[in-house]
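Asks: Structure file final-v4.pdb (PDB, C-alpha atoms, pLDDT in the B column) is given on the next line.
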ATOM      1  CA  MET A   1      45.563  93.469 -19.615  1.00 76.00           C
ATOM      2  CA  ILE A   2      45.910  93.848 -23.393  1.00 84.00           C
ATOM      3  CA  GLY A   3      45.494  90.099 -23.794  1.00 83.00           C
ATOM      4  CA  PHE A   4      42.435  90.072 -21.546  1.00 91.00           C
ATOM      5  CA  TRP A   5      40.708  92.963 -23.338  1.00 92.00           C
ATOM      6  CA  THR A   6      41.523  91.540 -26.771  1.00 92.00           C
ATOM      7  CA  LEU A   7      40.107  88.131 -25.875  1.00 92.00           C
ATOM      8  CA  PHE A   8      37.063  89.694 -24.216  1.00 95.00           C
ATOM      9  CA  TYR A   9      36.428  91.875 -27.279  1.00 95.00           C
ATOM     10  CA  LYS A  10      36.781  88.843 -29.546  1.00 94.00           C
ATOM     11  CA  GLU A  11      34.208  86.923 -27.510  1.00 95.00           C
ATOM     12  CA  ILE A  12      31.759  89.840 -27.532  1.00 96.00           C
ATOM     13  CA  LEU A  13      32.075  90.198 -31.304  1.00 95.00           C
ATOM     14  CA  ARG A  14      31.652  86.457 -31.767  1.00 93.00           C
ATOM     15  CA  PHE A  15      28.065  86.446 -30.518  1.00 94.00           C
ATOM     16  CA  TRP A  16      27.181  90.006 -31.518  1.00 94.00           C
ATOM     17  CA  LYS A  17      27.930  89.350 -35.198  1.00 94.00           C
ATOM     18  CA  VAL A  18      25.081  86.816 -35.178  1.00 93.00           C
ATOM     19  CA  ALA A  19      22.856  88.635 -32.655  1.00 92.00           C
ATOM     20  CA  PHE A  20      19.721  87.606 -34.516  1.00 92.00           C
ATOM     21  CA  GLN A  21      20.493  84.016 -33.519  1.00 92.00           C
ATOM     22  CA  THR A  22      22.270  84.499 -30.185  1.00 93.00           C
ATOM     23  CA  VAL A  23      20.085  87.256 -28.727  1.00 93.00           C
ATOM     24  CA  GLY A  24      16.910  87.541 -30.801  1.00 93.00           C
ATOM     25  CA  ALA A  25      16.024  83.835 -30.899  1.00 93.00           C
ATOM     26  CA  PRO A  26      16.152  83.297 -27.093  1.00 93.00           C
ATOM     27  CA  VAL A  27      13.952  86.376 -26.575  1.00 93.00           C
ATOM     28  CA  LEU A  28      11.385  84.931 -28.979  1.00 93.00           C
ATOM     29  CA  THR A  29      11.504  81.558 -27.214  1.00 91.00           C
ATOM     30  CA  ALA A  30      10.813  83.195 -23.853  1.00 91.00           C
ATOM     31  CA  LEU A  31       7.894  85.140 -25.321  1.00 89.00           C
ATOM     32  CA  LEU A  32       6.375  81.930 -26.654  1.00 89.00           C
ATOM     33  CA  TYR A  33       6.613  80.346 -23.197  1.00 87.00           C
ATOM     34  CA  LEU A  34       4.977  83.430 -21.699  1.00 86.00           C
ATOM     35  CA  MET A  35       2.124  83.592 -24.198  1.00 83.00           C
ATOM     36  CA  ILE A  36       1.319  79.887 -23.951  1.00 81.00           C
ATOM     37  CA  PHE A  37       1.558  79.385 -20.192  1.00 78.00           C
ATOM     38  CA  GLY A  38       0.324  82.862 -19.309  1.00 73.00           C
ATOM     39  CA  HIS A  39      -2.733  82.615 -21.565  1.00 69.00           C
ATOM     40  CA  VAL A  40      -3.712  79.227 -20.153  1.00 69.00           C
ATOM     41  CA  LEU A  41      -3.033  79.784 -16.455  1.00 66.00           C
ATOM     42  CA  ASP A  42      -3.154  83.504 -15.719  1.00 62.00           C
ATOM     43  CA  GLU A  43      -6.865  83.584 -14.822  1.00 65.00           C
ATOM     44  CA  HIS A  44      -6.682  80.418 -12.724  1.00 62.00           C
ATOM     45  CA  VAL A  45      -3.384  80.567 -10.827  1.00 67.00           C
ATOM     46  CA  LYS A  46      -1.798  82.996  -8.400  1.00 70.00           C
ATOM     47  CA  VAL A  47       1.502  82.347  -6.624  1.00 70.00           C
ATOM     48  CA  HIS A  48       2.197  84.226  -3.374  1.00 71.00           C
ATOM     49  CA  GLY A  49      -0.690  86.496  -4.367  1.00 74.00           C
ATOM     50  CA  VAL A  50       1.034  87.405  -7.645  1.00 80.00           C
ATOM     51  CA  PRO A  51      -0.759  86.866 -10.996  1.00 82.00           C
ATOM     52  CA  TYR A  52       0.761  83.918 -12.816  1.00 80.00           C
ATOM     53  CA  THR A  53       2.035  85.906 -15.826  1.00 83.00           C
ATOM     54  CA  SER A  54       3.865  88.334 -13.538  1.00 85.00           C
ATOM     55  CA  PHE A  55       5.250  85.422 -11.505  1.00 87.00           C
ATOM     56  CA  LEU A  56       6.466  83.712 -14.673  1.00 88.00           C
ATOM     57  CA  VAL A  57       8.395  86.627 -16.199  1.00 91.00           C
ATOM     58  CA  PRO A  58      11.351  86.785 -13.731  1.00 92.00           C
ATOM     59  CA  GLY A  59      11.800  83.016 -14.009  1.00 91.00           C
ATOM     60  CA  LEU A  60      11.912  83.192 -17.805  1.00 93.00           C
ATOM     61  CA  VAL A  61      14.361  86.104 -17.697  1.00 94.00           C
ATOM     62  CA  MET A  62      16.728  84.296 -15.337  1.00 95.00           C
ATOM     63  CA  MET A  63      16.436  81.024 -17.246  1.00 94.00           C
ATOM     64  CA  GLN A  64      17.507  82.757 -20.456  1.00 95.00           C
ATOM     65  CA  VAL A  65      20.384  84.517 -18.678  1.00 96.00           C
ATOM     66  CA  LEU A  66      21.729  81.199 -17.410  1.00 96.00           C
ATOM     67  CA  GLN A  67      21.234  79.153 -20.571  1.00 94.00           C
ATOM     68  CA  ASN A  68      22.760  81.779 -22.837  1.00 95.00           C
ATOM     69  CA  ALA A  69      25.732  82.428 -20.572  1.00 96.00           C
ATOM     70  CA  PHE A  70      26.449  78.696 -20.628  1.00 96.00           C
ATOM     71  CA  ALA A  71      25.958  78.478 -24.389  1.00 95.00           C
ATOM     72  CA  ASN A  72      28.351  81.343 -25.093  1.00 95.00           C
ATOM     73  CA  SER A  73      31.457  80.058 -23.340  1.00 95.00           C
ATOM     74  CA  SER A  74      30.868  76.376 -24.113  1.00 95.00           C
ATOM     75  CA  SER A  75      30.208  76.878 -27.833  1.00 94.00           C
ATOM     76  CA  SER A  76      33.173  79.221 -28.198  1.00 94.00           C
ATOM     77  CA  LEU A  77      35.622  76.731 -26.707  1.00 94.00           C
ATOM     78  CA  ILE A  78      34.333  73.666 -28.539  1.00 93.00           C
ATOM     79  CA  GLN A  79      34.353  75.493 -31.881  1.00 92.00           C
ATOM     80  CA  ALA A  80      37.892  76.729 -31.282  1.00 91.00           C
ATOM     81  CA  LYS A  81      39.042  73.217 -30.372  1.00 91.00           C
ATOM     82  CA  ILE A  82      37.416  71.526 -33.358  1.00 90.00           C
ATOM     83  CA  THR A  83      38.587  74.107 -35.902  1.00 88.00           C
ATOM     84  CA  GLY A  84      42.062  74.295 -34.373  1.00 86.00           C
ATOM     85  CA  SER A  85      41.881  78.048 -33.801  1.00 86.00           C
ATOM     86  CA  ILE A  86      42.337  77.496 -30.054  1.00 87.00           C
ATOM     87  CA  VAL A  87      46.094  77.494 -30.707  1.00 86.00           C
ATOM     88  CA  PHE A  88      45.965  81.219 -31.541  1.00 85.00           C
ATOM     89  CA  VAL A  89      44.457  81.885 -28.113  1.00 85.00           C
ATOM     90  CA  LEU A  90      46.872  79.638 -26.225  1.00 83.00           C
ATOM     91  CA  LEU A  91      50.100  80.816 -27.884  1.00 83.00           C
ATOM     92  CA  PRO A  92      50.089  84.428 -26.611  1.00 83.00           C
ATOM     93  CA  PRO A  93      51.305  84.884 -23.015  1.00 84.00           C
ATOM     94  CA  ILE A  94      47.819  85.411 -21.571  1.00 86.00           C
ATOM     95  CA  PRO A  95      47.551  84.320 -17.914  1.00 91.00           C
ATOM     96  CA  TYR A  96      45.002  81.587 -17.345  1.00 90.00           C
ATOM     97  CA  SER A  97      43.173  83.889 -14.907  1.00 93.00           C
ATOM     98  CA  ALA A  98      42.750  86.508 -17.662  1.00 93.00           C
ATOM     99  CA  PHE A  99      41.622  83.734 -20.049  1.00 94.00           C
ATOM    100  CA  PHE A 100      38.999  82.704 -17.494  1.00 96.00           C
ATOM    101  CA  ALA A 101      37.840  86.271 -16.816  1.00 96.00           C
ATOM    102  CA  ALA A 102      37.473  87.143 -20.515  1.00 95.00           C
ATOM    103  CA  TYR A 103      35.323  84.107 -21.316  1.00 96.00           C
ATOM    104  CA  VAL A 104      33.171  84.395 -18.193  1.00 97.00           C
ATOM    105  CA  LEU A 105      32.558  88.124 -18.553  1.00 97.00           C
ATOM    106  CA  ALA A 106      31.648  87.754 -22.226  1.00 97.00           C
ATOM    107  CA  ALA A 107      29.263  84.901 -21.355  1.00 97.00           C
ATOM    108  CA  MET A 108      27.722  87.010 -18.611  1.00 97.00           C
ATOM    109  CA  ALA A 109      27.346  89.925 -21.054  1.00 97.00           C
ATOM    110  CA  ARG A 110      25.438  87.772 -23.523  1.00 97.00           C
ATOM    111  CA  GLY A 111      23.238  86.328 -20.786  1.00 96.00           C
ATOM    112  CA  LEU A 112      22.408  89.781 -19.424  1.00 96.00           C
ATOM    113  CA  MET A 113      21.745  91.131 -22.906  1.00 96.00           C
ATOM    114  CA  VAL A 114      19.242  88.349 -23.571  1.00 96.00           C
ATOM    115  CA  GLY A 115      17.717  88.787 -20.108  1.00 95.00           C
ATOM    116  CA  VAL A 116      17.174  92.523 -20.635  1.00 95.00           C
ATOM    117  CA  GLY A 117      15.680  91.789 -24.050  1.00 95.00           C
ATOM    118  CA  VAL A 118      13.224  89.298 -22.542  1.00 94.00           C
ATOM    119  CA  LEU A 119      12.328  91.710 -19.745  1.00 92.00           C
ATOM    120  CA  LEU A 120      11.643  94.582 -22.132  1.00 92.00           C
ATOM    121  CA  ALA A 121       9.615  92.389 -24.484  1.00 90.00           C
ATOM    122  CA  THR A 122       7.435  91.032 -21.690  1.00 88.00           C
ATOM    123  CA  LEU A 123       6.477  94.515 -20.478  1.00 83.00           C
ATOM    124  CA  TRP A 124       3.805  94.409 -23.184  1.00 82.00           C
ATOM    125  CA  PHE A 125       2.122  91.502 -21.390  1.00 79.00           C
ATOM    126  CA  THR A 126       2.342  92.351 -17.705  1.00 81.00           C
ATOM    127  CA  GLU A 127       3.372  95.023 -15.223  1.00 78.00           C
ATOM    128  CA  LEU A 128       6.315  94.307 -12.956  1.00 82.00           C
ATOM    129  CA  LYS A 129       7.501  96.024  -9.803  1.00 82.00           C
ATOM    130  CA  LEU A 130      11.112  96.370  -8.710  1.00 87.00           C
ATOM    131  CA  VAL A 131      10.928  95.880  -4.957  1.00 90.00           C
ATOM    132  CA  ALA A 132      14.646  95.205  -4.454  1.00 92.00           C
ATOM    133  CA  PRO A 133      16.635  95.961  -7.630  1.00 93.00           C
ATOM    134  CA  LEU A 134      19.995  95.249  -5.999  1.00 95.00           C
ATOM    135  CA  TRP A 135      18.940  91.649  -5.405  1.00 96.00           C
ATOM    136  CA  ILE A 136      17.941  91.394  -9.064  1.00 95.00           C
ATOM    137  CA  LEU A 137      21.340  92.676 -10.173  1.00 96.00           C
ATOM    138  CA  ALA A 138      23.263  90.489  -7.726  1.00 96.00           C
ATOM    139  CA  PHE A 139      21.595  87.239  -8.784  1.00 97.00           C
ATOM    140  CA  ALA A 140      21.755  88.096 -12.491  1.00 96.00           C
ATOM    141  CA  LEU A 141      25.497  88.851 -12.359  1.00 97.00           C
ATOM    142  CA  LEU A 142      26.373  85.909 -10.140  1.00 96.00           C
ATOM    143  CA  GLY A 143      24.147  83.445 -12.005  1.00 96.00           C
ATOM    144  CA  GLY A 144      25.469  84.512 -15.405  1.00 96.00           C
ATOM    145  CA  SER A 145      29.064  84.233 -14.164  1.00 97.00           C
ATOM    146  CA  LEU A 146      28.440  80.798 -12.654  1.00 97.00           C
ATOM    147  CA  PHE A 147      26.974  79.394 -15.847  1.00 97.00           C
ATOM    148  CA  GLY A 148      29.676  81.076 -17.924  1.00 96.00           C
ATOM    149  CA  ALA A 149      32.280  79.225 -15.864  1.00 97.00           C
ATOM    150  CA  LEU A 150      30.271  76.000 -16.099  1.00 96.00           C
ATOM    151  CA  GLY A 151      30.161  76.457 -19.863  1.00 95.00           C
ATOM    152  CA  MET A 152      33.943  76.658 -19.904  1.00 96.00           C
ATOM    153  CA  ILE A 153      34.159  73.319 -18.114  1.00 96.00           C
ATOM    154  CA  ALA A 154      31.769  71.784 -20.642  1.00 95.00           C
ATOM    155  CA  GLY A 155      33.730  73.263 -23.563  1.00 94.00           C
ATOM    156  CA  ILE A 156      37.056  72.048 -22.168  1.00 94.00           C
ATOM    157  CA  TRP A 157      35.748  68.554 -21.456  1.00 93.00           C
ATOM    158  CA  SER A 158      33.877  68.070 -24.737  1.00 91.00           C
ATOM    159  CA  GLU A 159      35.772  66.861 -27.784  1.00 89.00           C
ATOM    160  CA  LYS A 160      32.863  66.997 -30.226  1.00 89.00           C
ATOM    161  CA  PHE A 161      29.512  68.720 -30.507  1.00 90.00           C
ATOM    162  CA  ASP A 162      27.390  65.757 -29.456  1.00 90.00           C
ATOM    163  CA  GLN A 163      29.241  65.557 -26.127  1.00 91.00           C
ATOM    164  CA  LEU A 164      28.499  69.222 -25.517  1.00 92.00           C
ATOM    165  CA  ALA A 165      24.871  68.663 -26.528  1.00 91.00           C
ATOM    166  CA  GLY A 166      24.660  65.806 -24.017  1.00 91.00           C
ATOM    167  CA  PHE A 167      26.042  68.077 -21.281  1.00 90.00           C
ATOM    168  CA  GLN A 168      23.453  70.706 -22.133  1.00 89.00           C
ATOM    169  CA  ASN A 169      20.479  68.386 -22.628  1.00 90.00           C
ATOM    170  CA  PHE A 170      21.053  66.118 -19.620  1.00 92.00           C
ATOM    171  CA  LEU A 171      22.398  68.632 -17.089  1.00 90.00           C
ATOM    172  CA  ILE A 172      21.747  72.281 -17.938  1.00 90.00           C
ATOM    173  CA  MET A 173      18.229  71.882 -19.334  1.00 89.00           C
ATOM    174  CA  PRO A 174      16.877  69.762 -16.432  1.00 90.00           C
ATOM    175  CA  LEU A 175      18.501  72.046 -13.839  1.00 90.00           C
ATOM    176  CA  THR A 176      16.892  75.156 -15.330  1.00 89.00           C
ATOM    177  CA  MET A 177      13.497  73.698 -16.244  1.00 86.00           C
ATOM    178  CA  LEU A 178      13.055  72.021 -12.826  1.00 86.00           C
ATOM    179  CA  SER A 179      14.140  75.025 -10.761  1.00 88.00           C
ATOM    180  CA  GLY A 180      10.818  76.766 -10.159  1.00 86.00           C
ATOM    181  CA  VAL A 181      10.709  78.830 -13.331  1.00 88.00           C
ATOM    182  CA  PHE A 182       7.089  77.812 -13.980  1.00 85.00           C
ATOM    183  CA  TYR A 183       5.942  77.082 -10.419  1.00 85.00           C
ATOM    184  CA  SER A 184       6.590  77.572  -6.729  1.00 83.00           C
ATOM    185  CA  ILE A 185       8.243  74.528  -5.187  1.00 84.00           C
ATOM    186  CA  TYR A 186       5.641  74.600  -2.398  1.00 82.00           C
ATOM    187  CA  THR A 187       3.059  73.432  -4.900  1.00 81.00           C
ATOM    188  CA  LEU A 188       5.034  70.164  -5.180  1.00 84.00           C
ATOM    189  CA  PRO A 189       4.749  67.040  -2.981  1.00 87.00           C
ATOM    190  CA  ASN A 190       7.074  67.043   0.033  1.00 88.00           C
ATOM    191  CA  PHE A 191       9.597  64.682  -1.556  1.00 88.00           C
ATOM    192  CA  TRP A 192      10.077  66.885  -4.635  1.00 85.00           C
ATOM    193  CA  GLN A 193      10.269  69.988  -2.464  1.00 86.00           C
ATOM    194  CA  HIS A 194      13.274  68.473  -0.711  1.00 89.00           C
ATOM    195  CA  VAL A 195      14.821  67.426  -4.025  1.00 88.00           C
ATOM    196  CA  SER A 196      14.415  70.970  -5.381  1.00 89.00           C
ATOM    197  CA  HIS A 197      16.548  72.330  -2.541  1.00 90.00           C
ATOM    198  CA  TYR A 198      19.520  70.402  -3.955  1.00 93.00           C
ATOM    199  CA  ASN A 199      19.193  72.223  -7.274  1.00 93.00           C
ATOM    200  CA  PRO A 200      21.396  75.362  -7.185  1.00 94.00           C
ATOM    201  CA  VAL A 201      19.431  76.954 -10.028  1.00 95.00           C
ATOM    202  CA  PHE A 202      16.353  77.015  -7.785  1.00 95.00           C
ATOM    203  CA  TYR A 203      18.145  79.483  -5.482  1.00 96.00           C
ATOM    204  CA  MET A 204      19.077  81.701  -8.454  1.00 96.00           C
ATOM    205  CA  ILE A 205      15.499  81.802  -9.737  1.00 94.00           C
ATOM    206  CA  ASP A 206      13.996  82.272  -6.286  1.00 93.00           C
ATOM    207  CA  GLY A 207      16.390  85.037  -5.252  1.00 95.00           C
ATOM    208  CA  PHE A 208      16.019  86.818  -8.597  1.00 95.00           C
ATOM    209  CA  ARG A 209      12.222  86.691  -8.308  1.00 93.00           C
ATOM    210  CA  TYR A 210      12.425  88.113  -4.777  1.00 94.00           C
ATOM    211  CA  GLY A 211      13.853  91.314  -6.232  1.00 94.00           C
ATOM    212  CA  PHE A 212      10.624  91.885  -8.159  1.00 93.00           C
ATOM    213  CA  PHE A 213       7.951  90.903  -5.633  1.00 90.00           C
ATOM    214  CA  GLY A 214       9.611  90.861  -2.218  1.00 90.00           C
ATOM    215  CA  VAL A 215       8.426  87.282  -1.622  1.00 87.00           C
ATOM    216  CA  SER A 216      10.314  84.034  -2.086  1.00 87.00           C
ATOM    217  CA  ASP A 217      10.338  80.376  -1.099  1.00 88.00           C
ATOM    218  CA  VAL A 218      13.740  80.766   0.618  1.00 91.00           C
ATOM    219  CA  ALA A 219      15.310  83.798   2.301  1.00 93.00           C
ATOM    220  CA  PRO A 220      17.328  85.696  -0.356  1.00 95.00           C
ATOM    221  CA  GLU A 221      20.385  85.798   1.915  1.00 96.00           C
ATOM    222  CA  ILE A 222      20.463  81.998   1.964  1.00 96.00           C
ATOM    223  CA  SER A 223      19.963  81.839  -1.799  1.00 96.00           C
ATOM    224  CA  LEU A 224      22.812  84.293  -2.402  1.00 97.00           C
ATOM    225  CA  ALA A 225      25.137  82.326  -0.114  1.00 97.00           C
ATOM    226  CA  VAL A 226      24.359  79.068  -1.967  1.00 96.00           C
ATOM    227  CA  VAL A 227      24.874  80.650  -5.394  1.00 97.00           C
ATOM    228  CA  PHE A 228      28.131  82.306  -4.303  1.00 97.00           C
ATOM    229  CA  ALA A 229      29.436  79.012  -2.897  1.00 97.00           C
ATOM    230  CA  CYS A 230      28.604  77.245  -6.175  1.00 96.00           C
ATOM    231  CA  PHE A 231      30.267  80.007  -8.196  1.00 97.00           C
ATOM    232  CA  THR A 232      33.412  79.781  -6.067  1.00 97.00           C
ATOM    233  CA  ALA A 233      33.605  75.993  -6.440  1.00 97.00           C
ATOM    234  CA  VAL A 234      33.002  76.003 -10.206  1.00 97.00           C
ATOM    235  CA  SER A 235      35.452  78.890 -10.727  1.00 97.00           C
ATOM    236  CA  LEU A 236      38.218  77.146  -8.779  1.00 97.00           C
ATOM    237  CA  LEU A 237      37.687  73.975 -10.789  1.00 96.00           C
ATOM    238  CA  THR A 238      37.747  75.894 -14.081  1.00 96.00           C
ATOM    239  CA  LEU A 239      40.922  77.767 -13.110  1.00 96.00           C
ATOM    240  CA  SER A 240      42.543  74.476 -12.142  1.00 95.00           C
ATOM    241  CA  LEU A 241      41.721  72.947 -15.549  1.00 93.00           C
ATOM    242  CA  LEU A 242      43.038  76.021 -17.368  1.00 92.00           C
ATOM    243  CA  LYS A 243      46.248  76.017 -15.344  1.00 90.00           C
ATOM    244  CA  ARG A 244      46.863  72.358 -16.201  1.00 89.00           C
ATOM    245  CA  GLY A 245      45.858  72.885 -19.825  1.00 85.00           C
ATOM    246  CA  TRP A 246      43.687  69.763 -19.627  1.00 86.00           C
ATOM    247  CA  LYS A 247      42.319  68.877 -23.063  1.00 84.00           C
ATOM    248  CA  LEU A 248      43.569  72.226 -24.344  1.00 83.00           C
ATOM    249  CA  ARG A 249      47.339  71.832 -24.487  1.00 73.00           C
ATOM    250  CA  THR A 250      47.381  68.035 -24.199  1.00 59.00           C
TER     251      THR A 250
END
Just give me the structure of the file as structure tokens.
Replies:
Amino acid sequence: MIGFWTLFYKEILRFWKVAFQTVGAPVLTALLYLMIFGHVLDEHVKVHGVPYTSFLVPGLVMMQVLQNAFANSSSSLIQAKITGSIVFVLLPPIPYSAFFAAYVLAAMARGLMVGVGVLLATLWFTELKLVAPLWILAFALLGGSLFGALGMIAGIWSEKFDQLAGFQNFLIMPLTMLSGVFYSIYTLPNFWQHVSHYNPVFYMIDGFRYGFFGVSDVAPEISLAVVFACFTAVSLLTLSLLKRGWKLRT
């Protein structure tokens, strides 16, 4: 456990030392989204009877949780590989399961920290209710862990920063932006509604939003089952790559 706690502490310090960039900047970005979209649409749009600004806030919070959890683990691994410092992590007898847990938990911690920051900052703009706080916590923890594990896969696979940027720009960004953060999928044409159901991030956003308003496009139990299945699959793949040492030891 000493190896796990040391690695976890190192990962926490890595993003906390530059918190202005890793935590403050995403909070500001979310506030800009809220001010622009909320100002334009709040008086004209309601979703499930909820004012648009209130509807938008949980989506922005969850989007920042996911994107920052992914960014933390992926950037840490790619930087360590490029600078060669990864050898100092691989040499100690740390089990690959502890390696996985330390990176994922640190990524989840950063995602949750940013999410709480966004939530607190947006309280100035709208009033939110907590209808089912346990659902909020469950989706935040599971979503952050899933994207932390996905970030590890991206960091392991990438050999240079532009490959990681491609992974983020062509996979993570579309998945999060087209997941119902800014809209209900039932405002889309039938074809795009069906396509949205194949996006796992949609279930994270929808289930997380249910915890605030008690309404959702899909039953939260179904959303939680989908997210848990995705987390299990991604975690098993990540553990398999770590066990083989693919692109880390070879």
Asks: Which neighbours of segment 176-187 of chain A fall inside 9 Å, counting only C-alpha atoms, when residues of the same chain fewer than 4 positions from it are skipped, and could you give them as a ChimeraX atom specification?
Replies: /A:37,47-48,52,55-60,62-63,66-67,171-172,192-193,196-197,199-206,216-217
Asks: Using all atoms listed in the file, which of A:Leu13, A:Ala25, A:Leu7, A:Val218 sits nearest Ala102 of chain A?
Replies: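 Looking only at the distances to Ala102 of chain A, the closest residue turns out to be A:Leu7.
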Asks: What does the distance from atom CA of Glu221 of chain A to atom CA of Val131 of chain A come to in Å, to one decimal?
Replies: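 These two atoms are separated by 15.4 Å.
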Asks: Nearest to Phe208 of chain A among A:Pro133, A:Gly151, A:Gly38, A:Gly49, with distances taken over all atoms listed in the file: which residue is it?
Replies: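 The closest residue to Phe208 of chain A is A:Pro133.
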Asks: Would you pick out the contacts of Met152 of chain A at 9 Å or less, using only C-alpha atoms, so that residues sharing its chain but fewer than 5 positions from it are not included, and give the list as a PyMOL selection string?
Replies: chain A and resi 70+72-77+100+103-104+147+157+238
Asks: Hey, what's within 8 Å of Arg110 of chain A if we count only C-alpha atoms and toss same-chain stuff fewer than 3 positions away? As number ranges by chain, please?
Replies: A: 12, 15, 23, 65, 68-69, 72, 106-107, 113-114
Asks: Restricting the calculation to all atoms listed in the file, which member of A:Ile78, A:Cys230, A:Leu90, A:Ala154 is positioned closest to Gln168 of chain A?
Replies: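 With all atoms listed in the file as the atom set, the closest residue is A:Ala154.
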Asks: Any idea what's packed within 8 Å of Gly211 of chain A, counting all atoms listed in the file, ignoring anything in its chain fewer than 3 positions away? Could you give it as a tab-separated table (two decimals) with C-alpha atoms, keeping the file's coordinate frame?
Replies:
chain	number	residue	atom	x	y	z
A	130	LEU	CA	11.11	96.37	-8.71
A	131	VAL	CA	10.93	95.88	-4.96
A	132	ALA	CA	14.65	95.20	-4.45
A	133	PRO	CA	16.64	95.96	-7.63
A	134	LEU	CA	20.00	95.25	-6.00
A	135	TRP	CA	18.94	91.65	-5.40
A	136	ILE	CA	17.94	91.39	-9.06
A	207	GLY	CA	16.39	85.04	-5.25
A	208	PHE	CA	16.02	86.82	-8.60
A	214	GLY	CA	9.61	90.86	-2.22
